[in-house]
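Asker: Handing over protein-v2.txt, compact mmCIF, C-alpha atoms and all ligand atoms.
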```
# COMPACT_ATOMS: atom_id res chain seq x y z
CA MET A 151 13.82 7.34 5.61
CA ALA A 152 13.03 10.80 4.25
CA ALA A 153 13.25 9.51 0.70
CA PHE A 154 10.23 7.34 1.32
CA VAL A 155 7.81 9.90 2.64
CA SER A 156 4.32 9.51 1.24
CA ASP A 157 1.90 12.40 0.94
CA GLY A 158 -1.05 10.09 1.52
CA ASN A 159 -2.45 10.56 -1.95
CA SER A 160 0.27 8.97 -4.00
CA THR A 161 1.46 5.50 -3.21
CA ILE A 162 5.14 4.78 -3.07
CA ASN A 163 6.32 3.01 -6.16
CA ALA A 164 6.59 -0.71 -5.82
CA GLY A 165 10.29 -0.63 -6.62
CA LEU A 166 11.14 1.32 -3.51
CA LEU A 167 8.84 -0.90 -1.53
CA ALA A 168 10.66 -4.05 -2.51
CA ALA A 169 14.03 -2.48 -1.76
CA ILE A 170 12.88 -1.61 1.73
CA LEU A 171 11.47 -5.06 2.28
CA LYS A 172 14.76 -6.65 1.31
CA ASP A 173 17.22 -4.65 3.38
CA SER A 174 15.20 -3.36 6.27
CA LYS A 175 16.06 -4.35 9.83
CA GLN A 176 13.65 -1.86 11.30
CA LEU A 177 10.20 -0.96 10.15
CA PRO A 178 10.17 2.30 8.19
CA GLU A 179 7.63 4.77 9.52
CA MET A 180 5.35 4.58 6.51
CA PHE A 181 4.59 0.94 7.28
CA ILE A 182 3.58 1.64 10.87
CA GLU A 183 -0.15 1.35 11.28
CA SER A 184 -1.18 4.15 13.62
CA ASP A 185 -4.92 3.43 13.57
CA GLN A 186 -5.53 1.07 16.51
CA ASN A 187 -8.52 -0.42 14.72
CA HIS A 188 -6.18 -1.68 12.07
CA ARG A 189 -3.29 -2.73 14.33
CA PRO A 190 -2.87 -6.46 14.09
CA SER A 191 -3.01 -8.75 17.06
CA LEU A 192 -0.79 -11.75 16.69
CA GLU A 193 -2.47 -13.95 19.26
CA SER A 194 -3.52 -17.15 17.59
CA ALA A 195 -5.91 -18.58 20.20
CA SER A 196 -8.42 -19.20 17.46
CA LEU A 197 -6.13 -21.77 15.92
CA GLU A 198 -6.75 -23.97 18.96
CA ASP A 199 -10.37 -23.10 19.79
CA PRO A 200 -12.82 -25.23 17.77
CA ASP A 201 -15.67 -22.78 18.45
CA LEU A 202 -13.72 -20.05 16.74
CA ASP A 203 -12.89 -22.04 13.68
CA ILE A 204 -14.05 -21.30 10.17
CA PRO A 205 -16.02 -24.39 9.03
CA VAL A 206 -14.34 -26.89 6.71
CA LEU A 207 -16.78 -28.49 4.26
CA ASP A 208 -16.12 -31.71 2.38
CA LEU A 209 -17.07 -31.45 -1.30
CA SER A 210 -16.31 -35.09 -2.19
CA PHE A 211 -19.99 -35.52 -3.12
CA LEU A 212 -19.34 -33.43 -6.25
CA ALA A 213 -17.46 -36.39 -7.71
CA ALA A 214 -19.46 -39.12 -5.98
CA GLY A 215 -22.93 -37.65 -6.56
CA ASN A 216 -24.17 -38.40 -3.03
CA SER A 217 -27.37 -36.38 -2.53
CA THR A 218 -27.60 -36.79 1.26
CA GLN A 219 -24.10 -35.44 1.64
CA ARG A 220 -24.95 -32.63 -0.76
CA ALA A 221 -27.96 -31.54 1.33
CA GLU A 222 -25.78 -31.48 4.45
CA VAL A 223 -23.13 -29.39 2.76
CA VAL A 224 -25.73 -26.97 1.34
CA ALA A 225 -27.10 -26.38 4.86
CA ALA A 226 -23.64 -26.03 6.43
CA ALA A 227 -22.45 -23.67 3.68
CA ALA A 228 -25.53 -21.46 4.07
CA LYS A 229 -25.00 -21.30 7.82
CA ALA A 230 -21.33 -20.42 7.37
CA CYS A 231 -22.21 -17.61 4.95
CA GLN A 232 -24.81 -16.20 7.33
CA THR A 233 -22.44 -16.15 10.28
CA TRP A 234 -18.87 -16.00 9.01
CA GLY A 235 -19.13 -15.09 5.36
CA PHE A 236 -16.22 -17.58 5.07
CA PHE A 237 -15.67 -21.32 4.92
CA GLN A 238 -12.99 -23.73 3.70
CA ILE A 239 -13.53 -26.57 1.23
CA GLN A 240 -11.64 -29.84 1.04
CA ASN A 241 -11.90 -32.62 -1.58
CA HIS A 242 -12.75 -29.88 -4.04
CA GLY A 243 -11.52 -31.82 -7.06
CA ILE A 244 -8.62 -29.53 -8.05
CA ASP A 245 -5.36 -31.41 -8.38
CA GLN A 246 -2.94 -30.54 -5.58
CA LYS A 247 -0.10 -30.67 -8.12
CA LEU A 248 -1.68 -27.82 -10.09
CA ILE A 249 -1.96 -25.74 -6.92
CA VAL A 250 1.70 -26.33 -6.08
CA GLN A 251 2.73 -25.49 -9.65
CA CYS A 252 0.82 -22.23 -9.51
CA GLU A 253 2.47 -21.35 -6.19
CA GLU A 254 5.85 -22.08 -7.75
CA GLU A 255 5.09 -19.77 -10.67
CA ALA A 256 4.02 -17.04 -8.23
CA HIS A 257 7.29 -17.38 -6.29
CA ARG A 258 9.26 -17.40 -9.55
CA MET A 259 7.52 -14.14 -10.45
CA PHE A 260 8.12 -12.40 -7.11
CA GLN A 261 11.79 -13.45 -7.15
CA LEU A 262 12.42 -11.61 -10.43
CA PRO A 263 14.59 -8.49 -10.15
CA LEU A 264 12.63 -5.40 -9.27
CA ASP A 265 13.17 -3.64 -12.58
CA VAL A 266 11.72 -6.66 -14.39
CA LYS A 267 8.61 -6.75 -12.18
CA GLU A 268 8.26 -3.02 -12.73
CA ARG A 269 7.64 -3.67 -16.44
CA CYS A 270 4.14 -4.59 -15.27
CA HIS A 271 3.87 -1.66 -12.85
CA ARG A 272 0.39 -1.02 -11.46
CA ALA A 273 -0.27 2.68 -10.96
CA PRO A 274 -2.18 3.78 -7.82
CA GLY A 275 -5.89 3.27 -8.40
CA ALA A 276 -5.27 0.87 -11.32
CA THR A 277 -6.33 -2.73 -11.02
CA PHE A 278 -3.88 -5.01 -12.81
CA GLY A 279 -0.15 -5.57 -12.72
CA TYR A 280 2.55 -5.55 -10.06
CA GLY A 281 2.22 -3.18 -7.13
CA ALA A 282 1.61 -2.61 -3.49
CA ASN A 283 -2.18 -3.06 -3.08
CA THR A 284 -2.60 0.40 -1.71
CA TRP A 285 -5.84 2.34 -1.86
CA ILE A 286 -5.76 6.01 -2.79
CA ASN A 287 -6.93 7.32 0.57
CA GLN A 288 -4.67 5.03 2.58
CA LYS A 289 -1.68 6.45 4.41
CA VAL A 290 0.04 3.34 5.68
CA MET A 291 1.83 1.01 3.27
CA HIS A 292 1.03 -2.68 3.18
CA TRP A 293 3.86 -5.04 4.04
CA ALA A 294 3.34 -6.94 0.80
CA GLU A 295 3.85 -7.19 -2.90
CA SER A 296 1.06 -8.26 -5.18
CA PHE A 297 0.48 -9.17 -8.81
CA HIS A 298 -3.05 -9.01 -10.24
CA MET A 299 -4.09 -10.58 -13.56
CA GLN A 300 -7.33 -11.01 -15.46
CA LEU A 301 -8.40 -14.14 -17.34
CA ASN A 302 -11.91 -13.19 -18.47
CA PRO A 303 -13.55 -11.53 -20.35
CA THR A 304 -10.16 -10.66 -21.91
CA SER A 305 -6.93 -12.10 -20.63
CA ASN A 306 -3.89 -9.95 -19.89
CA ILE A 307 -1.87 -12.90 -18.58
CA ARG A 308 0.16 -13.68 -21.70
CA GLU A 309 0.94 -10.05 -22.37
CA MET A 310 2.23 -9.50 -18.83
CA ALA A 311 4.04 -12.86 -18.76
CA SER A 312 5.98 -11.96 -21.91
CA LYS A 313 7.19 -8.75 -20.25
CA LEU A 314 8.25 -10.59 -17.11
CA PHE A 315 9.82 -13.60 -18.82
CA PRO A 316 11.15 -12.50 -22.21
CA GLU A 317 12.32 -16.02 -22.94
CA GLY A 318 9.41 -17.69 -24.77
CA SER A 319 9.33 -21.05 -22.99
CA SER A 320 9.48 -19.47 -19.56
CA SER A 321 6.67 -17.07 -20.33
CA GLN A 322 4.65 -19.91 -21.86
CA GLN A 323 5.10 -21.99 -18.71
CA PHE A 324 3.92 -19.17 -16.46
CA SER A 325 0.86 -18.40 -18.59
CA SER A 326 -0.27 -21.96 -19.09
CA VAL A 327 -0.01 -22.88 -15.41
CA VAL A 328 -1.82 -19.71 -14.31
CA GLU A 329 -4.54 -20.16 -16.94
CA GLU A 330 -5.07 -23.82 -16.12
CA TYR A 331 -5.31 -22.98 -12.43
CA MET A 332 -7.79 -20.17 -12.99
CA ILE A 333 -9.98 -22.26 -15.29
CA ALA A 334 -10.08 -25.02 -12.67
CA VAL A 335 -11.05 -22.46 -10.00
CA GLU A 336 -13.74 -21.01 -12.29
CA ASN A 337 -15.29 -24.46 -12.68
CA LEU A 338 -15.17 -25.02 -8.95
CA ALA A 339 -16.67 -21.58 -8.34
CA SER A 340 -19.68 -22.38 -10.56
CA GLN A 341 -20.36 -25.44 -8.43
CA VAL A 342 -19.89 -23.51 -5.19
CA LEU A 343 -22.23 -20.81 -6.49
CA GLU A 344 -24.94 -23.44 -7.05
CA ILE A 345 -24.48 -24.84 -3.55
CA LEU A 346 -24.74 -21.38 -2.02
CA THR A 347 -27.74 -20.44 -4.17
CA GLU A 348 -29.53 -23.61 -3.12
CA GLY A 349 -28.72 -22.66 0.47
CA LEU A 350 -30.83 -19.52 -0.02
CA GLY A 351 -33.83 -21.70 -0.93
CA LEU A 352 -33.51 -20.80 -4.62
CA GLU A 353 -33.11 -22.91 -7.75
CA PRO A 354 -29.39 -23.81 -7.77
CA SER A 355 -28.96 -22.23 -11.21
CA CYS A 356 -30.69 -18.95 -10.29
CA PHE A 357 -27.41 -16.95 -10.35
CA SER A 358 -25.47 -19.19 -12.74
CA GLN A 359 -25.74 -16.72 -15.62
CA TYR A 360 -23.42 -14.43 -13.67
CA LEU A 361 -20.49 -16.79 -14.15
CA ARG A 362 -21.12 -17.66 -17.79
CA ARG A 363 -20.14 -15.74 -20.92
CA GLU A 364 -18.44 -12.38 -20.40
CA ARG A 365 -17.87 -13.20 -16.73
CA MET A 366 -14.98 -11.38 -15.09
CA THR A 367 -12.33 -13.54 -13.46
CA SER A 368 -9.10 -12.26 -11.99
CA MET A 369 -6.40 -13.56 -9.68
CA ARG A 370 -4.11 -11.71 -7.32
CA PHE A 371 -0.93 -13.26 -6.01
CA ASN A 372 -0.27 -11.78 -2.56
CA PHE A 373 3.27 -12.13 -1.23
CA TYR A 374 4.06 -11.16 2.37
CA PRO A 375 7.81 -11.16 3.18
CA PRO A 376 8.95 -11.67 6.79
CA CYS A 377 8.55 -8.39 8.64
CA PRO A 378 10.95 -7.01 11.30
CA GLU A 379 8.14 -5.64 13.45
CA PRO A 380 4.95 -7.52 12.62
CA SER A 381 2.90 -6.10 15.48
CA LEU A 382 3.25 -2.61 13.97
CA ALA A 383 2.63 -3.51 10.34
CA ILE A 384 -0.21 -4.91 8.28
CA GLY A 385 -0.02 -7.18 5.21
CA LEU A 386 -3.44 -6.23 3.87
CA ARG A 387 -5.71 -3.86 5.73
CA ALA A 388 -9.20 -4.87 6.82
CA HIS A 389 -11.49 -4.84 3.80
CA THR A 390 -14.38 -6.66 2.22
CA ASP A 391 -14.06 -8.07 -1.27
CA PRO A 392 -16.31 -6.22 -3.71
CA HIS A 393 -16.76 -9.36 -5.85
CA LEU A 394 -19.34 -12.11 -6.06
CA LEU A 395 -17.13 -14.86 -4.66
CA THR A 396 -13.47 -15.15 -3.70
CA ILE A 397 -11.69 -18.50 -3.80
CA LEU A 398 -8.34 -18.16 -2.09
CA HIS A 399 -5.52 -20.59 -1.52
CA GLN A 400 -3.08 -19.86 1.30
CA ASP A 401 0.16 -21.71 1.90
CA SER A 402 0.97 -23.24 5.29
CA VAL A 403 1.79 -19.93 7.03
CA PRO A 404 -1.06 -18.33 9.00
CA GLY A 405 -1.99 -14.71 8.23
CA LEU A 406 -5.57 -14.44 6.97
CA GLN A 407 -7.94 -13.20 9.67
CA VAL A 408 -11.72 -12.74 9.60
CA GLN A 409 -13.67 -10.39 11.81
CA MET A 410 -16.25 -11.94 14.09
CA GLY A 411 -17.82 -9.41 16.47
CA ASP A 412 -14.87 -7.62 18.05
CA LYS A 413 -12.47 -10.51 17.47
CA TRP A 414 -10.14 -11.33 14.61
CA ILE A 415 -10.18 -15.05 13.88
CA THR A 416 -7.21 -16.62 12.12
CA VAL A 417 -8.17 -18.92 9.26
CA LYS A 418 -6.22 -22.10 9.92
CA PRO A 419 -3.89 -22.77 6.96
CA ARG A 420 -4.93 -25.96 5.20
CA PRO A 421 -2.98 -26.35 1.96
CA ASP A 422 -5.42 -29.10 0.88
CA CYS A 423 -8.30 -26.60 1.12
CA PHE A 424 -9.53 -23.46 -0.57
CA VAL A 425 -10.95 -20.61 1.48
CA VAL A 426 -14.24 -19.35 0.03
CA ASN A 427 -15.71 -16.00 0.96
CA ILE A 428 -18.81 -14.04 0.12
CA GLY A 429 -18.10 -10.74 -1.63
CA ASP A 430 -20.22 -7.59 -1.50
CA LEU A 431 -22.10 -8.60 -4.66
CA PHE A 432 -23.30 -11.85 -3.14
CA GLN A 433 -24.36 -10.08 0.06
CA ILE A 434 -26.40 -7.74 -2.15
CA LEU A 435 -27.86 -10.55 -4.30
CA SER A 436 -28.85 -12.44 -1.17
CA ASN A 437 -30.53 -9.30 0.21
CA THR A 438 -28.07 -9.43 3.18
CA ARG A 439 -28.76 -13.07 4.19
CA TYR A 440 -25.13 -13.84 3.36
CA LYS A 441 -22.44 -11.55 4.78
CA SER A 442 -19.49 -9.95 3.07
CA VAL A 443 -17.22 -9.82 6.09
CA LEU A 444 -14.16 -7.73 6.88
CA HIS A 445 -10.92 -9.64 6.66
CA ARG A 446 -7.23 -8.79 6.59
CA ALA A 447 -3.77 -10.32 6.36
CA ILE A 448 -1.26 -10.01 9.17
CA VAL A 449 2.47 -10.64 8.80
CA ASN A 450 5.12 -12.34 10.90
CA SER A 451 8.86 -12.05 11.47
CA GLU A 452 9.78 -15.62 10.57
CA SER A 453 8.28 -16.79 7.32
CA ARG A 454 7.27 -15.44 3.97
CA ARG A 455 3.63 -16.13 3.05
CA LEU A 456 1.86 -16.53 -0.28
CA SER A 457 -1.82 -16.49 -1.11
CA LEU A 458 -3.52 -16.93 -4.48
CA ALA A 459 -6.81 -15.07 -4.49
CA CYS A 460 -9.24 -15.69 -7.38
CA PHE A 461 -12.11 -13.23 -7.72
CA LEU A 462 -15.24 -14.33 -9.56
CA ASN A 463 -17.54 -11.71 -11.01
CA PRO A 464 -20.43 -11.25 -13.41
CA PRO A 465 -20.19 -9.45 -16.76
CA LEU A 466 -19.62 -5.72 -16.32
CA ASN A 467 -23.00 -4.77 -17.75
CA SER A 468 -25.09 -7.29 -15.82
CA THR A 469 -27.66 -5.93 -13.41
CA VAL A 470 -27.21 -6.93 -9.81
CA VAL A 471 -30.46 -7.19 -7.89
CA ALA A 472 -31.85 -9.61 -5.29
CA PRO A 473 -34.47 -11.98 -6.74
CA PRO A 474 -38.11 -11.45 -5.67
CA GLU A 475 -38.09 -14.65 -3.55
CA LEU A 476 -35.62 -12.99 -1.16
CA ILE A 477 -37.64 -9.80 -0.78
CA THR A 478 -40.24 -10.27 1.96
CA PRO A 479 -42.03 -8.06 4.50
CA GLU A 480 -39.48 -9.22 7.14
CA CYS A 481 -36.57 -8.64 4.80
CA PRO A 482 -37.48 -5.77 2.44
CA GLN A 483 -35.26 -4.92 -0.50
CA VAL A 484 -32.05 -3.37 0.83
CA TYR A 485 -30.28 -2.30 -2.37
CA ARG A 486 -31.30 -0.63 -5.58
CA PRO A 487 -30.44 -2.44 -8.81
CA PHE A 488 -27.08 -1.47 -10.32
CA THR A 489 -24.53 -2.83 -12.74
CA TRP A 490 -21.29 -4.46 -11.67
CA LEU A 491 -19.47 -1.80 -13.68
CA GLU A 492 -21.09 0.89 -11.55
CA TYR A 493 -20.00 -0.90 -8.38
CA LEU A 494 -16.51 -1.62 -9.63
CA LYS A 495 -15.82 2.03 -10.43
CA ASN A 496 -15.62 2.72 -6.71
CA ALA A 497 -14.49 -0.64 -5.48
CA TYR A 498 -10.72 -0.38 -5.64
CA LEU A 499 -10.22 3.34 -5.49
CA TYR A 500 -10.95 4.08 -1.89
CA HIS A 501 -10.31 1.95 1.12
CA PRO A 502 -13.41 1.57 3.29
CA THR A 503 -12.20 3.29 6.45
CA ALA A 504 -15.20 2.67 8.68
CA GLY A 505 -16.29 -0.88 7.98
CA ASN A 506 -17.99 -2.03 4.85
CA GLU A 507 -19.26 1.34 3.70
CA ARG A 508 -18.77 0.77 -0.02
CA HIS A 509 -22.04 -1.09 -0.51
CA GLU A 510 -24.00 1.54 1.40
CA ARG A 511 -23.89 3.78 -1.68
CA PHE A 512 -26.27 1.30 -3.25
CA PHE A 513 -28.93 1.23 -0.57
CA LEU A 514 -32.43 2.00 -1.82
CA LYS A 515 -32.87 5.71 -1.26
CA THR A 516 -36.16 5.22 0.59
CA MET A 517 -34.37 3.57 3.50
CA VAL A 518 -34.73 5.62 6.69
CA ASP A 519 -32.32 3.93 9.04
CA VAL A 520 -30.05 1.83 6.90
CA HIS A 521 -27.98 0.52 9.79
CA THR A 522 -30.85 -1.45 11.25
CA VAL A 523 -31.42 -3.41 8.03
CA ALA A 524 -27.86 -4.10 6.98
CA PRO A 525 -25.95 -5.60 9.87
CA SER A 526 -22.71 -5.89 7.93
CA SER A 527 -22.49 -2.13 7.62
CA VAL A 528 -21.57 -1.89 11.29
CA HIS A 529 -18.71 -4.37 11.19
C1 LIG A 601 -7.45 -10.47 -0.83
C2 LIG A 601 -7.29 -11.02 0.54
C3 LIG A 601 -5.95 -12.30 2.07
C4 LIG A 601 -4.67 -13.07 2.13
O1 LIG A 601 -6.53 -10.66 -1.65
O2 LIG A 601 -8.51 -9.83 -1.08
O3 LIG A 601 -8.15 -10.83 1.36
O4 LIG A 601 -4.57 -13.93 2.99
N1 LIG A 601 -6.17 -11.72 0.80
O5 LIG A 601 -3.78 -12.80 1.33
NI NI A 602 -9.91 -9.94 0.43
```
Could you write out this file's structure as structure tokens?

Answerer:
Amino acid sequence: MAAFVSDGNSTINAGLLAAILKDSKQLPEMFIESDQNHRPSLESASLEDPDLDIPVLDLSFLAAGNSTQRAEVVAAAAKACQTWGFFQIQNHGIDQKLIVQCEEEAHRMFQLPLDVKERCHRAPGATFGYGANTWINQKVMHWAESFHMQLNPTSNIREMASKLFPEGSSSQQFSSVVEEYMIAVENLASQVLEILTEGLGLEPSCFSQYLRRERMTSMRFNFYPPCPEPSLAIGLRAHTDPHLLTILHQDSVPGLQVQMGDKWITVKPRPDCFVVNIGDLFQILSNTRYKSVLHRAIVNSESRRLSLACFLNPPLNSTVVAPPELITPECPQVYRPFTWLEYLKNAYLYHPTAGNERHERFFLKTMVDVHTVAPSSVH
């Protein structure tokens, strides 16, 4: 495997990665996770233990307009965000057919020959295109391929689709399905944002401006092929999402795990649901009431797995700061104001190696012992 040695600063090109994934019977060394803290455990006890289950919330009131049900969901969502930073939503209003179509387009894209996918190559440290999701300071390779696109404020979907599918109708089909899916998720996200804002005791529309004009919306397809030695590899290393909100759809194969204390809890696959999680920005806006929690994707030897992760963000130049209502003597202001652009500059470059350290750069400088005021920093 000498040809695949990585120097730790440059990531292997995605072409080689896919070739290894296809023909490998044994895990090449560069995929072996040596850091025990990042070694996956494949036990799935949490799938059977109701106490260790990420809550599933029923959003049917959005269509029915039932205010009692809404109040219950607001309270349950707030509790989930304070404890788990994650929850699932069912009866969310997005047509299951559209979800399946988008999954089909993602599979169609990953099944393209490598040299075609490489036309959208994502360089290490870059955000969009086809690549291996590998942070600059990360030594171990993810057992995955991914494709990241942006819809807003400017879309790169059609441009990338025309490189992948030179035939017009095929490229058109890919773009329109992906766009329709992302627009539906954006609408859902605005409603989820209001529910979560209300759960903080604020006016539901208090943060709505963040997802209006010039908002930043992207989607990453994550594809995890079957892996010959899943207990040694990792699909996506433990990380927090830097964004405001993530709305993820996973297929029926388990793999997404969320950290709770010293345990990793598997999020039960529910193809009728979306998984919602709080990103760093929301933790910051909520003055740490809501948690941006470490999560990861593990792999298995039997089945391929696909997730569609939509990331919802404010305009690049918008200032991120907790509102005065959330700054109290018991919960003083934890972060200084900053712009999303400032945060994003660091967000994808370096993998947080010791928990969620990325947001710590934005603590108010006057803080003496930051770890006592920001519990998530010790995850
Ligand atoms: C992500 C992520 C998990 C998964 O894309 O940020 O956490 O299950 N994905 O693919
Ligand atoms: Ni994530």

Asker: Have a look at atom CA of Ser453 of chain A and atom CA of Lys413 of chain A and let me know their distance in Å, one decimal.

Answerer: 23.9 Å

Asker: In terms of the shortest atom-to-atom distance over only C-alpha atoms and all ligand atoms, which of A:Pro380, A:Gly235, A:Pro404, A:Gly349 is closest to ligand NI 602 (chain A)?

Answerer: A:Gly235

Asker: Report as JSON lines the residues of chain A within 10 Å of ligand LIG 601 (chain A), each with its shortest atom pair and distance in Å (one decimal), using only C-alpha atoms and all ligand atoms, ordered by chain and increasing residue number.

Answerer:
```
{"residue": "A:Asn283", "atom": "CA", "partner": "A:LIG601", "partner_atom": "O1", "distance": 8.9}
{"residue": "A:Ala294", "atom": "CA", "partner": "A:LIG601", "partner_atom": "O5", "distance": 9.2}
{"residue": "A:Ser296", "atom": "CA", "partner": "A:LIG601", "partner_atom": "O1", "distance": 8.7}
{"residue": "A:His298", "atom": "CA", "partner": "A:LIG601", "partner_atom": "O1", "distance": 9.4}
{"residue": "A:Met369", "atom": "CA", "partner": "A:LIG601", "partner_atom": "O1", "distance": 8.5}
{"residue": "A:Arg370", "atom": "CA", "partner": "A:LIG601", "partner_atom": "O1", "distance": 6.3}
{"residue": "A:Phe371", "atom": "CA", "partner": "A:LIG601", "partner_atom": "O1", "distance": 7.6}
{"residue": "A:Asn372", "atom": "CA", "partner": "A:LIG601", "partner_atom": "O5", "distance": 5.3}
{"residue": "A:Phe373", "atom": "CA", "partner": "A:LIG601", "partner_atom": "O5", "distance": 7.5}
{"residue": "A:Tyr374", "atom": "CA", "partner": "A:LIG601", "partner_atom": "O5", "distance": 8.1}
{"residue": "A:Gly385", "atom": "CA", "partner": "A:LIG601", "partner_atom": "O5", "distance": 7.8}
{"residue": "A:Leu386", "atom": "CA", "partner": "A:LIG601", "partner_atom": "C3", "distance": 6.8}
{"residue": "A:Arg387", "atom": "CA", "partner": "A:LIG601", "partner_atom": "O3", "distance": 8.6}
{"residue": "A:Ala388", "atom": "CA", "partner": "A:LIG601", "partner_atom": "O3", "distance": 8.2}
{"residue": "A:His389", "atom": "CA", "partner": "A:LIG601", "partner_atom": "O3", "distance": 7.3}
{"residue": "A:Thr390", "atom": "CA", "partner": "A:LIG601", "partner_atom": "O2", "distance": 7.4}
{"residue": "A:Asp391", "atom": "CA", "partner": "A:LIG601", "partner_atom": "O2", "distance": 5.8}
{"residue": "A:Pro392", "atom": "CA", "partner": "A:LIG601", "partner_atom": "O2", "distance": 9.0}
{"residue": "A:His393", "atom": "CA", "partner": "A:LIG601", "partner_atom": "O2", "distance": 9.5}
{"residue": "A:Thr396", "atom": "CA", "partner": "A:LIG601", "partner_atom": "O2", "distance": 7.7}
{"residue": "A:Ile397", "atom": "CA", "partner": "A:LIG601", "partner_atom": "C1", "distance": 9.6}
{"residue": "A:Leu398", "atom": "CA", "partner": "A:LIG601", "partner_atom": "N1", "distance": 7.4}
{"residue": "A:His399", "atom": "CA", "partner": "A:LIG601", "partner_atom": "O4", "distance": 8.1}
{"residue": "A:Gln400", "atom": "CA", "partner": "A:LIG601", "partner_atom": "O4", "distance": 6.3}
{"residue": "A:Asp401", "atom": "CA", "partner": "A:LIG601", "partner_atom": "O4", "distance": 9.2}
{"residue": "A:Val403", "atom": "CA", "partner": "A:LIG601", "partner_atom": "O4", "distance": 9.6}
{"residue": "A:Pro404", "atom": "CA", "partner": "A:LIG601", "partner_atom": "O4", "distance": 8.2}
{"residue": "A:Gly405", "atom": "CA", "partner": "A:LIG601", "partner_atom": "O4", "distance": 5.9}
{"residue": "A:Leu406", "atom": "CA", "partner": "A:LIG601", "partner_atom": "O4", "distance": 4.1}
{"residue": "A:Gln407", "atom": "CA", "partner": "A:LIG601", "partner_atom": "O4", "distance": 7.5}
{"residue": "A:Val408", "atom": "CA", "partner": "A:LIG601", "partner_atom": "O3", "distance": 9.2}
{"residue": "A:Thr416", "atom": "CA", "partner": "A:LIG601", "partner_atom": "O4", "distance": 9.9}
{"residue": "A:Val417", "atom": "CA", "partner": "A:LIG601", "partner_atom": "O4", "distance": 8.8}
{"residue": "A:Pro419", "atom": "CA", "partner": "A:LIG601", "partner_atom": "O4", "distance": 9.7}
{"residue": "A:Val425", "atom": "CA", "partner": "A:LIG601", "partner_atom": "O4", "distance": 9.4}
{"residue": "A:Asn427", "atom": "CA", "partner": "A:LIG601", "partner_atom": "O3", "distance": 9.2}
{"residue": "A:Gly429", "atom": "CA", "partner": "A:LIG601", "partner_atom": "O2", "distance": 9.6}
{"residue": "A:Leu444", "atom": "CA", "partner": "A:LIG601", "partner_atom": "O3", "distance": 8.7}
{"residue": "A:His445", "atom": "CA", "partner": "A:LIG601", "partner_atom": "O3", "distance": 6.1}
{"residue": "A:Arg446", "atom": "CA", "partner": "A:LIG601", "partner_atom": "O3", "distance": 5.7}
{"residue": "A:Ala447", "atom": "CA", "partner": "A:LIG601", "partner_atom": "O4", "distance": 5.0}
{"residue": "A:Ile448", "atom": "CA", "partner": "A:LIG601", "partner_atom": "O4", "distance": 8.0}
{"residue": "A:Val449", "atom": "CA", "partner": "A:LIG601", "partner_atom": "O4", "distance": 9.7}
{"residue": "A:Arg455", "atom": "CA", "partner": "A:LIG601", "partner_atom": "O5", "distance": 8.3}
{"residue": "A:Leu456", "atom": "CA", "partner": "A:LIG601", "partner_atom": "O5", "distance": 7.0}
{"residue": "A:Ser457", "atom": "CA", "partner": "A:LIG601", "partner_atom": "O5", "distance": 4.8}
{"residue": "A:Leu458", "atom": "CA", "partner": "A:LIG601", "partner_atom": "O5", "distance": 7.1}
{"residue": "A:Ala459", "atom": "CA", "partner": "A:LIG601", "partner_atom": "O1", "distance": 5.3}
{"residue": "A:Cys460", "atom": "CA", "partner": "A:LIG601", "partner_atom": "O1", "distance": 8.1}
{"residue": "A:Phe461", "atom": "CA", "partner": "A:LIG601", "partner_atom": "O2", "distance": 8.3}
```

Asker: Please produce an output containing C-alpha atoms for each residue in the selection, written as a short mmCIF file (atom, residue, chain, number, x, y, z; two decimals), in the coordinates of the input.

Answerer:
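part-v1.cif was written with the following content:
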```
data_model
loop_
_atom_site.label_atom_id
_atom_site.label_comp_id
_atom_site.auth_asym_id
_atom_site.auth_seq_id
_atom_site.Cartn_x
_atom_site.Cartn_y
_atom_site.Cartn_z
CA ASN A 283 -2.18 -3.06 -3.08
CA ALA A 294 3.34 -6.94 0.80
CA SER A 296 1.06 -8.26 -5.18
CA HIS A 298 -3.05 -9.01 -10.24
CA MET A 369 -6.40 -13.56 -9.68
CA ARG A 370 -4.11 -11.71 -7.32
CA PHE A 371 -0.93 -13.26 -6.01
CA ASN A 372 -0.27 -11.78 -2.56
CA PHE A 373 3.27 -12.13 -1.23
CA TYR A 374 4.06 -11.16 2.37
CA GLY A 385 -0.02 -7.18 5.21
CA LEU A 386 -3.44 -6.23 3.87
CA ARG A 387 -5.71 -3.86 5.73
CA ALA A 388 -9.20 -4.87 6.82
CA HIS A 389 -11.49 -4.84 3.80
CA THR A 390 -14.38 -6.66 2.22
CA ASP A 391 -14.06 -8.07 -1.27
CA PRO A 392 -16.31 -6.22 -3.71
CA HIS A 393 -16.76 -9.36 -5.85
CA THR A 396 -13.47 -15.15 -3.70
CA ILE A 397 -11.69 -18.50 -3.80
CA LEU A 398 -8.34 -18.16 -2.09
CA HIS A 399 -5.52 -20.59 -1.52
CA GLN A 400 -3.08 -19.86 1.30
CA ASP A 401 0.16 -21.71 1.90
CA VAL A 403 1.79 -19.93 7.03
CA PRO A 404 -1.06 -18.33 9.00
CA GLY A 405 -1.99 -14.71 8.23
CA LEU A 406 -5.57 -14.44 6.97
CA GLN A 407 -7.94 -13.20 9.67
CA VAL A 408 -11.72 -12.74 9.60
CA THR A 416 -7.21 -16.62 12.12
CA VAL A 417 -8.17 -18.92 9.26
CA PRO A 419 -3.89 -22.77 6.96
CA VAL A 425 -10.95 -20.61 1.48
CA ASN A 427 -15.71 -16.00 0.96
CA GLY A 429 -18.10 -10.74 -1.63
CA LEU A 444 -14.16 -7.73 6.88
CA HIS A 445 -10.92 -9.64 6.66
CA ARG A 446 -7.23 -8.79 6.59
CA ALA A 447 -3.77 -10.32 6.36
CA ILE A 448 -1.26 -10.01 9.17
CA VAL A 449 2.47 -10.64 8.80
CA ARG A 455 3.63 -16.13 3.05
CA LEU A 456 1.86 -16.53 -0.28
CA SER A 457 -1.82 -16.49 -1.11
CA LEU A 458 -3.52 -16.93 -4.48
CA ALA A 459 -6.81 -15.07 -4.49
CA CYS A 460 -9.24 -15.69 -7.38
CA PHE A 461 -12.11 -13.23 -7.72
#
```
